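structure-v3.txt (compact mmCIF, C-alpha atoms)
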# COMPACT_ATOMS: atom_id res chain seq x y z
CA MET A 405 6.24 -0.69 -8.22
CA ARG A 406 3.66 -1.62 -10.82
CA ILE A 407 0.00 -0.73 -10.22
CA ILE A 408 -3.11 -0.25 -12.35
CA VAL A 409 -4.36 3.35 -12.74
CA ASN A 410 -7.70 3.76 -14.51
CA GLY A 411 -7.24 0.39 -16.20
CA GLU A 412 -3.67 1.04 -17.40
CA SER A 413 -0.56 -0.58 -15.97
CA ARG A 414 1.78 2.07 -14.52
CA GLU A 415 5.18 1.99 -12.87
CA VAL A 416 5.27 4.38 -9.89
CA SER A 417 7.97 5.21 -7.36
CA ASN A 418 5.74 6.27 -4.45
CA GLN A 419 3.64 4.24 -2.00
CA LEU A 420 1.26 6.87 -0.65
CA LEU A 421 -1.87 7.45 -2.70
CA SER A 422 -1.51 11.25 -2.52
CA GLU A 423 2.03 11.06 -3.95
CA ILE A 424 1.04 8.57 -6.64
CA LEU A 425 -1.74 10.89 -7.80
CA VAL A 426 0.75 13.76 -8.21
CA GLU A 427 3.23 11.44 -9.95
CA CYS A 428 0.51 10.41 -12.41
CA GLY A 429 -0.46 14.02 -13.13
CA TYR A 430 -3.67 14.29 -11.10
CA GLN A 431 -3.17 17.70 -9.54
CA GLN A 432 -6.56 19.28 -10.11
CA ALA A 433 -8.59 20.05 -7.02
CA HIS A 434 -11.74 18.01 -7.62
CA PHE A 435 -11.74 14.28 -8.29
CA ALA A 436 -12.73 11.08 -6.55
CA THR A 437 -10.44 8.15 -5.89
CA ALA A 438 -10.93 4.46 -5.23
CA LEU A 439 -8.38 1.83 -4.27
CA ASN A 440 -9.28 -1.74 -5.22
CA GLY A 441 -12.91 -0.69 -5.57
CA VAL A 442 -13.13 1.10 -2.20
CA PHE A 443 -13.75 4.87 -2.13
CA ILE A 444 -10.88 6.79 -0.52
CA HIS A 445 -11.84 10.18 0.91
CA ARG A 446 -9.60 13.11 -0.05
CA GLN A 447 -8.41 13.45 3.56
CA GLN A 448 -7.31 9.79 3.65
CA ARG A 449 -5.09 9.94 0.56
CA GLU A 450 -2.00 11.07 2.49
CA SER A 451 -2.17 8.08 4.83
CA THR A 452 -3.31 5.41 2.33
CA ARG A 453 -0.56 3.04 1.19
CA VAL A 454 -0.74 1.41 -2.22
CA MET A 455 0.78 -2.02 -2.78
CA PRO A 456 2.12 -3.61 -5.99
CA GLY A 457 -0.74 -4.81 -8.18
CA ASP A 458 -3.35 -2.54 -6.56
CA ARG A 459 -5.98 -0.84 -8.73
CA VAL A 460 -6.41 2.93 -8.43
CA GLU A 461 -9.38 4.64 -10.07
CA VAL A 462 -9.54 8.41 -10.50
CA VAL A 463 -12.78 10.03 -11.60
CA ALA A 464 -13.11 13.74 -12.35
CA PRO A 465 -16.47 15.50 -12.80
CA ASN A 466 -17.46 16.65 -16.27
CA ALA A 467 -19.35 19.86 -16.85
CA GLY A 468 -22.30 19.87 -19.19
CA GLY A 469 -25.58 18.11 -19.58
Final structure tokens representation of the file:
Amino acid sequence: MRIIVNGESREVSNQLLSEILVECGYQQAHFATALNGVFIHRQQRESTRVMPGDRVEVVAPNAGG
């Protein structure tokens, strides 16, 4: 299905947010996620379904000042 990840159109084969994140290469331990502008807690990723056309945002912290 086609979704938007960080502003880019992506074709993914999974429906669960946790699986989509792995498929898109987000395997680091610390990052925040939002689905259609709504924050999704790390513990909810495995039960959150993504639908075609949804927008996923992934934000990782940056070190430095």
Checklist outcome for this item: Glu461 of chain A proximity check over A:Leu439, A:Glu412, A:Ala433, A:Arg446, using all atoms listed in the file: winner is A:Leu439
Checklist entry - In Å, with one decimal, what is the gap from atom CA of Asn466 of chain A to atom CA of Val454 of chain A? => result 26.6 Å
Next on the checklist: Need the shell around segment 417-420 of chain A: protein/DNA/RNA residues with any atom at most 12 Å away, counting all atoms listed in the file. Skip same-chain ones fewer than 4 positions apart. Format as a ChimeraX atom specification?
Outcome noted: /A:405-407,424-428,439,448-458,460
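With all atoms listed in the file as the atoms that count, the minimum distance from Arg414 of chain A to the choices A:Gln432, A:Val442, A:Arg459, A:Pro465 is reached by A:Arg459.
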Checklist entry - Out of A:Gly441, A:Ala436, A:Ile408, A:Ser413, which residue has the shortest atom-to-atom distance to Val462 of chain A when counting all atoms listed in the file? => result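 Checking each candidate against Val462 of chain A, we get A:Ala436 as the closest.
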Next on the checklist: Quick check, in Å to one decimal: how far apart do atom CA of Gln431 of chain A and atom CA of Ala464 of chain A lie?
Outcome noted: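 Going from atom CA of Gln431 of chain A over to atom CA of Ala464 of chain A, I get 11.1 Å.
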Item to check | atom CA of Val463 of chain A to atom CA of Leu421 of chain A, straight-line distance in Å | outcome: 14.3 Å
